[in-house]
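Asks: See upload29.txt below, with compact mmCIF, C-alpha atoms.
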# COMPACT_ATOMS: atom_id res chain seq x y z
CA MET A 21 -18.97 -49.97 -10.45
CA SER A 22 -21.91 -48.51 -12.32
CA LYS A 23 -21.52 -46.32 -15.36
CA GLY A 24 -20.80 -42.67 -14.61
CA LYS A 25 -19.14 -43.28 -11.25
CA GLY A 26 -15.79 -41.74 -10.53
CA ALA A 27 -12.75 -43.70 -9.51
CA LYS A 28 -13.55 -43.19 -5.87
CA GLY A 29 -16.93 -41.49 -5.80
CA ALA A 30 -20.54 -42.37 -6.39
CA LYS A 31 -22.58 -41.40 -9.42
CA GLN A 32 -24.01 -37.90 -9.18
CA THR A 33 -27.73 -37.62 -9.83
CA LEU A 34 -29.97 -34.59 -9.93
CA LYS A 35 -31.58 -35.71 -6.70
CA SER A 36 -28.30 -36.06 -4.84
CA ALA A 37 -27.05 -32.77 -6.26
CA LYS A 38 -30.18 -30.94 -5.08
CA LYS A 39 -29.74 -32.38 -1.61
CA ALA A 40 -26.16 -31.15 -1.55
CA ILE A 41 -27.12 -27.53 -2.23
CA GLN A 42 -26.44 -25.23 0.72
CA ILE A 43 -27.75 -21.75 1.40
CA THR A 44 -25.02 -19.40 2.59
CA PRO A 45 -25.62 -16.79 5.32
CA ASP A 46 -25.95 -14.13 2.62
CA GLY A 47 -28.55 -16.19 0.73
CA LYS A 48 -26.33 -17.67 -1.99
CA ARG A 49 -27.01 -21.13 -3.42
CA ARG A 50 -23.81 -23.15 -3.03
CA LEU A 51 -23.11 -26.66 -4.32
CA VAL A 52 -20.01 -28.43 -3.06
CA LEU A 53 -18.92 -31.60 -4.87
CA SER A 54 -15.31 -31.53 -3.77
CA ASN A 55 -13.19 -34.68 -3.54
CA MET A 56 -15.89 -36.89 -5.08
CA GLY A 57 -13.63 -38.70 -7.54
CA LEU A 58 -15.41 -37.13 -10.54
CA THR A 59 -13.73 -37.74 -13.90
CA VAL A 60 -16.34 -35.95 -16.02
CA PHE A 61 -18.52 -32.94 -15.41
CA PRO A 62 -21.90 -34.20 -14.10
CA LYS A 63 -24.57 -33.56 -16.75
CA CYS A 64 -27.28 -33.32 -14.11
CA LEU A 65 -25.81 -30.00 -13.01
CA PHE A 66 -27.07 -28.31 -16.17
CA LYS A 67 -30.53 -28.40 -14.60
CA LEU A 68 -29.19 -26.31 -11.73
CA THR A 69 -27.92 -23.34 -13.67
CA ASN A 70 -29.26 -20.95 -11.02
CA LEU A 71 -26.37 -21.82 -8.71
CA ASP A 72 -24.34 -18.95 -7.27
CA GLU A 73 -21.33 -20.94 -6.10
CA LEU A 74 -19.99 -24.24 -7.46
CA ASP A 75 -17.12 -26.18 -5.93
CA LEU A 76 -15.75 -29.09 -8.01
CA SER A 77 -12.25 -29.02 -6.53
CA ARG A 78 -10.09 -32.07 -5.73
CA ASN A 79 -11.55 -34.26 -8.46
CA LEU A 80 -10.15 -35.80 -11.63
CA LEU A 81 -11.75 -33.57 -14.27
CA GLN A 82 -9.73 -33.31 -17.47
CA LYS A 83 -11.98 -30.87 -19.30
CA LEU A 84 -15.09 -28.77 -18.95
CA PRO A 85 -18.08 -28.96 -21.29
CA ASP A 86 -18.65 -26.13 -23.77
CA SER A 87 -21.99 -25.47 -22.08
CA ILE A 88 -20.22 -24.38 -18.87
CA GLY A 89 -21.09 -20.86 -19.97
CA ASN A 90 -24.75 -21.55 -19.20
CA PHE A 91 -24.09 -21.07 -15.48
CA SER A 92 -24.59 -17.35 -15.86
CA SER A 93 -25.54 -16.88 -12.18
CA LEU A 94 -22.21 -18.15 -10.86
CA THR A 95 -20.18 -15.74 -8.75
CA ARG A 96 -17.68 -18.32 -7.45
CA LEU A 97 -16.22 -21.29 -9.32
CA ASP A 98 -13.66 -23.52 -7.64
CA LEU A 99 -11.89 -26.06 -9.88
CA HIS A 100 -8.55 -26.35 -8.14
CA SER A 101 -6.71 -29.69 -7.92
CA ASN A 102 -8.12 -31.38 -11.02
CA LYS A 103 -6.42 -32.43 -14.26
CA LEU A 104 -7.65 -29.66 -16.55
CA GLU A 105 -5.43 -28.99 -19.56
CA SER A 106 -7.57 -26.29 -21.16
CA LEU A 107 -10.73 -24.24 -20.74
CA PRO A 108 -13.52 -23.80 -23.29
CA GLU A 109 -14.16 -20.40 -24.88
CA SER A 110 -17.62 -20.37 -23.30
CA VAL A 111 -16.04 -19.75 -19.90
CA GLY A 112 -16.04 -16.12 -20.98
CA ASN A 113 -19.84 -16.10 -20.60
CA LEU A 114 -19.52 -16.41 -16.82
CA THR A 115 -19.39 -12.64 -16.51
CA GLY A 116 -20.83 -12.69 -12.99
CA LEU A 117 -17.78 -14.46 -11.57
CA THR A 118 -15.91 -12.64 -8.83
CA HIS A 119 -13.73 -15.58 -7.73
CA LEU A 120 -12.19 -18.20 -10.01
CA ASN A 121 -9.81 -20.85 -8.68
CA LEU A 122 -7.95 -22.91 -11.29
CA ALA A 123 -4.87 -23.74 -9.24
CA ASN A 124 -3.11 -27.12 -9.33
CA ASN A 125 -4.18 -28.26 -12.79
CA CYS A 126 -2.30 -28.87 -16.03
CA LEU A 127 -3.12 -25.61 -17.79
CA THR A 128 -0.78 -24.12 -20.38
CA PHE A 129 -0.81 -20.78 -22.20
CA VAL A 130 -2.38 -22.45 -25.23
CA GLY A 131 -5.12 -23.90 -23.05
CA LEU A 132 -6.29 -20.50 -21.74
CA PRO A 133 -8.97 -18.89 -23.94
CA PHE A 134 -8.78 -15.17 -24.69
CA SER A 135 -12.39 -14.99 -23.53
CA LEU A 136 -11.09 -14.94 -19.94
CA GLY A 137 -10.67 -11.23 -20.55
CA CYS A 138 -14.48 -10.92 -20.55
CA LEU A 139 -14.67 -11.76 -16.83
CA THR A 140 -14.39 -8.12 -15.85
CA ASN A 141 -16.04 -8.62 -12.45
CA LEU A 142 -13.28 -10.94 -11.24
CA LYS A 143 -11.69 -9.91 -7.97
CA SER A 144 -9.65 -13.06 -7.38
CA LEU A 145 -8.00 -15.31 -9.99
CA ASN A 146 -5.82 -18.23 -8.92
CA LEU A 147 -3.72 -19.81 -11.67
CA GLY A 148 -0.96 -21.15 -9.45
CA MET A 149 0.59 -24.61 -9.79
CA ASN A 150 0.04 -25.03 -13.52
CA GLN A 151 2.37 -25.03 -16.54
CA LEU A 152 1.94 -21.42 -17.62
CA ASP A 153 4.72 -19.33 -19.12
CA ASP A 154 2.52 -16.48 -20.33
CA LEU A 155 -1.04 -15.17 -20.11
CA PRO A 156 -3.52 -14.00 -22.76
CA PRO A 157 -3.19 -10.21 -23.33
CA PRO A 158 -6.98 -9.63 -22.95
CA LEU A 159 -6.57 -10.27 -19.23
CA GLU A 160 -5.61 -6.61 -19.00
CA ASN A 161 -9.37 -5.97 -19.11
CA LEU A 162 -9.76 -7.44 -15.62
CA VAL A 163 -9.81 -3.96 -14.10
CA ASN A 164 -11.46 -5.11 -10.86
CA LEU A 165 -8.91 -7.84 -10.14
CA GLN A 166 -7.45 -7.53 -6.64
CA GLU A 167 -5.71 -10.89 -6.15
CA LEU A 168 -3.74 -12.86 -8.73
CA GLY A 169 -2.00 -16.17 -8.03
CA LEU A 170 0.71 -17.20 -10.52
CA PHE A 171 2.95 -19.18 -8.19
CA ASP A 172 4.64 -22.46 -9.18
CA ASN A 173 4.49 -21.95 -12.93
CA ARG A 174 7.07 -21.40 -15.69
CA PHE A 175 7.12 -17.62 -16.02
CA LEU A 176 10.43 -16.14 -17.11
CA LYS A 177 9.10 -12.61 -16.81
CA LEU A 178 6.15 -10.81 -15.34
CA PRO A 179 3.23 -10.70 -17.80
CA GLU A 180 2.89 -7.22 -19.26
CA PHE A 181 -0.80 -6.86 -18.49
CA VAL A 182 -0.15 -7.10 -14.75
CA LYS A 183 1.39 -3.61 -14.82
CA VAL A 184 -1.90 -1.98 -15.85
CA LEU A 185 -4.16 -3.67 -13.28
CA ARG A 186 -4.70 -0.62 -11.07
CA ASN A 187 -6.75 -2.45 -8.37
CA LEU A 188 -4.35 -5.37 -7.94
CA THR A 189 -3.19 -5.56 -4.31
CA LYS A 190 -1.94 -9.16 -4.04
CA LEU A 191 0.32 -10.86 -6.59
CA ASN A 192 1.95 -14.23 -5.90
CA LEU A 193 4.77 -15.10 -8.31
CA LYS A 194 6.72 -17.37 -6.00
CA ARG A 195 8.69 -20.32 -7.36
CA ASN A 196 8.87 -19.19 -10.99
CA PRO A 197 12.13 -19.16 -12.99
CA LEU A 198 11.94 -15.38 -13.39
CA GLU A 199 14.85 -13.73 -15.20
CA HIS A 200 16.87 -11.02 -13.40
CA THR A 201 15.52 -12.16 -10.06
CA GLN A 202 18.90 -11.60 -8.43
CA GLY A 203 19.22 -8.24 -10.14
CA ASN A 204 15.81 -7.24 -8.90
CA GLU A 205 16.75 -8.24 -5.37
CA GLU A 206 19.95 -6.20 -5.59
CA SER A 207 17.95 -3.28 -6.97
CA MET A 208 15.53 -3.53 -4.06
CA LYS A 209 18.47 -3.59 -1.60
CA ASN A 210 19.98 -0.54 -3.29
CA ARG A 211 16.66 1.28 -3.09
CA LYS A 212 16.45 0.46 0.63
CA LEU A 213 20.01 1.72 1.18
CA GLU A 214 19.26 4.88 -0.77
CA ALA A 215 16.13 5.40 1.27
CA GLN A 216 18.09 4.92 4.51
CA GLU A 217 20.81 7.30 3.32
CA GLU A 218 18.22 9.86 2.32
CA ALA A 219 16.56 9.54 5.72
CA TYR A 220 19.98 10.00 7.39
CA LEU A 221 20.71 13.10 5.31
CA VAL A 222 17.31 14.52 6.11
CA HIS A 223 17.98 13.86 9.81
CA GLU A 224 21.38 15.55 9.57
CA SER A 225 19.83 18.48 7.73
CA ILE A 226 17.22 18.86 10.46
CA LEU A 227 19.93 18.78 13.13
CA CYS A 228 21.95 21.40 11.26
CA ARG A 229 18.91 23.65 10.97
CA MET A 230 18.23 23.18 14.68
CA CYS A 231 21.84 24.04 15.57
CA LEU A 232 21.78 27.08 13.29
CA THR A 233 18.53 28.25 14.82
CA LYS A 234 19.95 27.78 18.31
CA TYR A 235 23.11 29.68 17.33
CA LYS A 236 21.09 32.56 15.91
CA ALA A 237 18.98 32.69 19.06
CA GLN A 238 22.10 32.78 21.25
CA LYS A 239 23.60 35.51 19.08
CA GLU A 240 20.42 37.55 19.29
CA ASN A 241 20.44 37.13 23.08
CA LEU A 242 24.05 38.34 23.28
CA VAL A 243 23.28 41.35 21.10
CA ARG A 244 20.20 42.11 23.19
CA ASP A 245 22.21 41.83 26.42
CA GLY A 246 24.85 44.15 25.00
CA ASP A 247 22.28 46.76 24.06
CA MET A 248 20.74 46.56 27.51
CA SER A 249 24.20 47.06 29.09
CA LYS A 250 24.80 50.15 26.98
CA GLU A 251 21.44 51.56 27.97
CA LYS A 252 22.27 50.97 31.65
CA LYS A 253 25.57 52.82 31.20
CA LYS A 254 23.81 55.73 29.55
CA ARG A 255 21.28 55.90 32.34
CA THR A 256 24.01 55.75 35.03
CA PHE A 257 26.33 58.48 33.67
CA SER A 258 24.03 60.53 31.51
CA GLY A 259 24.02 63.41 34.01
CA LEU A 260 27.77 63.87 33.56
CA MET A 261 27.69 63.86 29.82
CA THR A 262 24.72 66.12 29.15
CA PRO A 263 23.19 68.36 31.82
CA ASN A 264 19.63 67.48 32.51
CA SER A 265 16.98 69.07 34.69
CA VAL A 266 18.43 67.45 37.82
CA ALA A 267 21.95 68.74 37.09
CA ILE A 268 20.71 72.25 36.37
CA LEU A 269 18.79 72.33 39.69
CA SER A 270 21.88 71.24 41.60
CA GLN A 271 24.04 74.01 40.01
CA ASN A 272 21.48 76.70 40.85
CA GLU A 273 21.42 75.62 44.47
CA TRP A 274 25.22 75.72 44.60
CA ARG A 275 25.33 79.28 43.18
CA LEU A 276 22.68 80.45 45.65
CA LYS A 277 24.59 79.04 48.63
CA THR A 278 27.82 80.63 47.42
CA LYS A 279 26.20 84.06 47.12
CA GLN A 280 24.66 83.79 50.58
CA SER A 281 27.98 82.90 52.05
CA LYS A 282 29.64 85.97 50.51
CA ASP A 283 26.85 88.20 51.80
CA TYR A 284 27.29 86.77 55.29
CA TRP A 285 31.04 87.05 55.29
CA PRO A 286 31.77 90.49 53.80
CA SER A 287 35.11 91.06 52.21
CA LEU A 288 37.83 92.30 54.55
CA CYS A 289 39.51 94.32 51.84
Turn the structure described in the file into C-alpha cells.
Replies:
Amino acid sequence: MSKGKGAKGAKQTLKSAKKAIQITPDGKRRLVLSNMGLTVFPKCLFKLTNLDELDLSRNLLQKLPDSIGNFSSLTRLDLHSNKLESLPESVGNLTGLTHLNLANNCLTFVGLPFSLGCLTNLKSLNLGMNQLDDLPPPLENLVNLQELGLFDNRFLKLPEFVKVLRNLTKLNLKRNPLEHTQGNEESMKNRKLEAQEEAYLVHESILCRMCLTKYKAQKENLVRDGDMSKEKKKRTFSGLMTPNSVAILSQNEWRLKTKQSKDYWPSLC
C-alpha cells in the first residue's frame, strides 16, 4: 500500500479530486469523497477551496486541519460517520455554511470550539450520535437554525440556548438520559387532559347558550301569541264594551223604527 492511502481506499490526488467534482442542478460545485477509507484530510483539497459542497462522510478521519477555515465558499459540509474527537477553532471561519453534519463521531463538549457560534447562516446542524453532554453557549447566536440533531448523546437536560432559537422547527433529542423525562411526559398528558376538559366545558357552554336562546325564543313566541289573542278578543267584543260608529248607527235605526211603529199604530187610550 503506498503512502497516503487509507485502510480501504486509494490515495487521493488533485487530479482524481478534480475528476470527482460534480455540478449540481443549481450550479454548485460538489465534491463527494464518501466511504473512501480516508484516515487523514487530503492535502490536495486545499487547492480546491472554491468548492460549495464537500462530503467526507463514512471515512476514518480523527481530526481536521487548522486550515479547514480556508474553504470559505462552502455551504454544505458533511463529516458524519468518522472518528472526530474535536474540531479546530478555524471551523468558525466557514461562515457561509448552511448545513453541517457531524453525526456519528466521537465529539465531546470539550472538543467543540466556541467559534461554532460564528456560523450564523446555519440552517441545519446535526450533532447526533456523539458523546455530548452540553453545548457551547455561543451557539445561541445561530438565529437562522431550523433543524438541530442531538439524538444519542449524554444530555441530562436541554441546553439553555435551544430555548432562544426562534427559527428552530425540528429538534431531535431522542435516546438521551434526560432528567424529569417521566415528569415531562406526565405534564404533557395533564396538559392534554386539561385541553380536552376545557374543550368539553366550552362545548357544554355553547349548548347551554343554545338552549337558553331557544328558551327565550319560545317564551317570546308565547308572549307574542298571547298578545295576539288579546287583540283578537278586543276586536271581537269591542262593540259591546265601547260604542263605536257601527253601534251608534244601529241604535239610531232602532229608534227610528220604533217611532214609525207608534205613528202607525196610534194609542187606543
Asks: Taking (-27.0, -30.5, -14.6) in the file's coordinates as the center, which residues reach within 10 Å of it, counting only C-alpha atoms, put as a short mmCIF file (atom, residue, chain, number, x, y, z; two decimals) with C-alpha atoms, keeping the file's coordinate frame?
Replies:
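Output contents, as saved in result_0.cif:
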data_model
loop_
_atom_site.label_atom_id
_atom_site.label_comp_id
_atom_site.auth_asym_id
_atom_site.auth_seq_id
_atom_site.Cartn_x
_atom_site.Cartn_y
_atom_site.Cartn_z
CA GLN A 32 -24.01 -37.90 -9.18
CA THR A 33 -27.73 -37.62 -9.83
CA LEU A 34 -29.97 -34.59 -9.93
CA ALA A 37 -27.05 -32.77 -6.26
CA PHE A 61 -18.52 -32.94 -15.41
CA PRO A 62 -21.90 -34.20 -14.10
CA LYS A 63 -24.57 -33.56 -16.75
CA CYS A 64 -27.28 -33.32 -14.11
CA LEU A 65 -25.81 -30.00 -13.01
CA PHE A 66 -27.07 -28.31 -16.17
CA LYS A 67 -30.53 -28.40 -14.60
CA LEU A 68 -29.19 -26.31 -11.73
CA THR A 69 -27.92 -23.34 -13.67
CA PHE A 91 -24.09 -21.07 -15.48
#
Asks: Would you please work out which residue, of A:Ala40, A:Leu71, A:Leu127, A:Leu159, is nearest to Lys183 of chain A when using only C-alpha atoms?
Replies: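 Comparing A:Ala40, A:Leu71, A:Leu127, A:Leu159 against Lys183 of chain A, the winner is A:Leu159.
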Asks: Taking 5 positions as the minimum chain separation for residues in the same chain, which residues sit within 7 Å of segment 142-145 of chain A when counting only C-alpha atoms? Answer as a list in words.
Replies: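 Using only C-alpha atoms, the neighbours found are Leu117, Thr118, His119, Leu120, Asn121, Leu162, Asn164, Leu165, Gln166, Glu167, Leu168 and Gly169 of chain A.
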Asks: Pick out the closest residue to Leu53 of chain A from this set: A:Leu176, A:Leu99, A:Ile88, A:Val182. Count all atoms listed in the file.
Replies: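 The shortest atom-to-atom distance to Leu53 of chain A comes from A:Leu99.
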Asks: Tell me which of A:Asn141, A:Pro197, A:Leu51, A:Cys126 sits closest to Thr95 of chain A, counting only C-alpha atoms.
Replies: A:Asn141
Asks: Which distance in Å separates atom CA of Leu185 of chain A and atom CA of Ser92 of chain A, to one decimal?
Replies: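 Separation between atom CA of Leu185 of chain A and atom CA of Ser92 of chain A: 24.7 Å.
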Asks: Between atom CA of Leu107 of chain A and atom CA of Ser87 of chain A, what distance in Å does the model show, to one decimal?
Replies: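 Atom CA of Ser87 of chain A lies 11.4 Å from atom CA of Leu107 of chain A.
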Asks: When you count only C-alpha atoms, which of these residues is closest to Ala123 of chain A: A:Gln151, A:Ser106, A:Ser101, A:Ser135?
Replies: A:Ser101
Asks: Any idea what the distance is between atom CA of Asn113 of chain A and atom CA of Asp75 of chain A?
Replies: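 Computing the Euclidean distance for atom CA of Asn113 of chain A and atom CA of Asp75 of chain A yields 18.0 Å.
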Asks: Please determine an axis-aligned box that encloses all atoms of segment 42-48 of chain A listed in the file, with 3 Å added on each side, and express its centre and edge lengths in Å to one decimal as AutoDock Vina command-line options.
Replies:
--center_x -26.8 --center_y -19.7 --center_z 1.7 --size_x 9.5 --size_y 17.1 --size_z 13.3
Asks: Between A:Arg174, A:Arg186, A:Leu122, A:Arg50, which one has atoms that come closest to Leu147 of chain A, using all atoms listed in the file?
Replies: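 Of the candidates, the smallest distance to Leu147 of chain A is held by A:Leu122.
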Asks: For each of A:Thr140, A:Asn70, A:Thr115, A:Ser54, take the minimum atom-to-atom distance to Asp98 of chain A, counting all atoms listed in the file, then give the residue where this is smallest.
Replies: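 Comparing A:Thr140, A:Asn70, A:Thr115, A:Ser54 against Asp98 of chain A, the winner is A:Ser54.
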Asks: With all atoms listed in the file as the counted atoms, please give the residues lying no more than 12 Å from Pro179 of chain A, apart from itself and same-chain residues fewer than 6 positions off, as a list in words.
Replies: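 Skipping anything fewer than 6 positions along the chain leaves Phe129, Leu152, Asp153, Asp154, Leu155, Pro156, Pro157, Pro158, Leu159, Glu160, Leu168, Leu170, Leu185, Leu191, Leu193 and Leu198 of chain A.
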Asks: Can you tell me, as an MDAnalysis selection string, what residues are no more than 10 Å from Asn125 of chain A when counting only C-alpha atoms, ignoring any on the same chain fewer than 4 positions away?
Replies: chainID A and resid 78 80:82 99:106 147:151
